[in-house]
$ cat final_21.txt   # compact mmCIF, C-alpha atoms
# COMPACT_ATOMS: atom_id res chain seq x y z
CA MET A 4 227.42 -6.16 183.51
CA THR A 5 228.47 -4.13 186.54
CA GLU A 6 228.94 -7.21 188.71
CA ALA A 7 230.95 -8.88 185.97
CA ALA A 8 233.31 -5.90 185.87
CA LEU A 9 233.63 -5.49 189.63
CA LYS A 10 235.04 -8.94 190.32
CA PRO A 11 238.11 -8.58 188.06
CA PHE A 12 238.55 -5.00 189.28
CA PHE A 13 238.54 -6.13 192.92
CA ALA A 14 241.00 -8.94 192.14
CA SER A 15 243.26 -6.42 190.36
CA VAL A 16 243.17 -4.04 193.33
CA VAL A 17 244.08 -6.83 195.76
CA MET A 18 246.90 -7.96 193.48
CA GLY A 19 248.18 -4.41 192.97
CA ILE A 20 248.26 -3.55 196.66
CA THR A 21 250.01 -6.82 197.51
CA LEU A 22 252.63 -6.29 194.79
CA LEU A 23 253.27 -2.70 195.91
CA VAL A 24 253.88 -3.86 199.47
CA LEU A 25 256.13 -6.71 198.33
CA ARG A 26 258.06 -4.42 195.98
CA SER A 27 258.85 -2.06 198.83
CA MET A 28 260.23 -4.93 200.94
CA LEU A 29 262.32 -6.71 198.28
CA PRO A 30 265.52 -5.51 196.56
CA ALA A 31 265.32 -4.38 192.93
CA THR A 32 266.80 -7.33 191.03
CA PRO A 33 265.73 -9.39 188.02
CA ALA A 34 264.95 -12.28 190.37
CA THR A 35 262.62 -10.03 192.36
CA LEU A 36 260.84 -9.10 189.16
CA GLY A 37 260.26 -12.78 188.45
CA VAL A 38 258.95 -13.33 191.98
CA LEU A 39 256.57 -10.37 191.63
CA ILE A 40 255.25 -11.60 188.27
CA VAL A 41 254.59 -15.11 189.57
CA THR A 42 253.10 -13.80 192.81
CA GLY A 43 250.80 -11.44 190.91
CA ALA A 44 249.59 -14.16 188.54
CA VAL A 45 248.92 -16.63 191.35
CA LEU A 46 247.22 -14.04 193.54
CA TYR A 47 244.98 -12.76 190.74
CA THR A 48 244.00 -16.32 189.79
CA LEU A 49 243.14 -17.19 193.40
CA CYS A 50 241.10 -14.01 193.83
CA ILE A 51 239.14 -14.64 190.63
CA LEU A 52 238.50 -18.24 191.63
CA ALA A 53 237.32 -17.13 195.06
CA LEU A 54 235.00 -14.50 193.59
CA VAL A 55 233.67 -16.32 190.53
CA GLY A 56 233.95 -19.89 191.72
CA VAL A 57 234.02 -23.21 189.93
CA SER A 58 232.00 -21.88 187.00
CA LEU A 59 235.16 -20.13 185.79
CA ILE A 60 236.96 -23.46 185.40
CA GLU A 61 234.01 -25.01 183.58
CA ASP A 62 233.75 -22.01 181.25
CA ALA A 63 237.47 -22.29 180.48
CA LYS A 64 237.10 -26.00 179.69
CA LYS A 65 234.21 -25.27 177.32
CA THR A 66 236.17 -22.51 175.62
CA PHE A 67 239.23 -24.68 175.10
CA SER A 68 237.17 -27.61 173.80
CA VAL A 69 235.50 -25.34 171.23
CA LEU A 70 238.83 -23.82 170.18
CA LEU A 71 240.56 -27.19 169.89
CA LYS A 72 237.80 -28.63 167.67
CA LYS A 73 238.50 -26.04 164.96
$ encode --input "final_21.txt" --output "structure tokens"
Amino acid sequence: MTEAALKPFFASVVMGITLLVLRSMLPATPATLGVLIVTGAVLYTLCILALVGVSLIEDAKKTFSVLLKK
């Protein structure tokens, strides 16, 4: 259970630090907010994929196939 919690935590820390640095360099506008949201989502997804691997994609496919059958 600890390892399962550490991977998302690490991905969140990487995403948070990156967004804090970007926020300090970009002006405060609605467009910047959109850029930060997209950047955060992409970065978190890439970190999770790097840490968990291909099994995450296969688990998501199984989950969606079960949900769509109902």
$ atom_distance --input "final_21.txt" --atom1 "atom CA of Thr21 of chain A" --atom2 "atom CA of Ala53 of chain A"
16.5 Å
$ closest_residue --input "final_21.txt" --among "A:Lys64, A:Val69, A:Gly56, A:Cys50" --to "Phe12 of chain A" --atoms "all atoms listed in the file"
A:Cys50
$ closest_residue --input "final_21.txt" --among "A:Val17, A:Val55, A:Ala8, A:Val24" --to "Leu39 of chain A" --atoms "only C-alpha atoms"
A:Val24
$ atom_distance --input "final_21.txt" --atom1 "atom CA of Leu52 of chain A" --atom2 "atom CA of Pro33 of chain A"
28.9 Å
$ atom_distance --input "final_21.txt" --atom1 "atom CA of Ile51 of chain A" --atom2 "atom CA of Ser27 of chain A"
24.8 Å
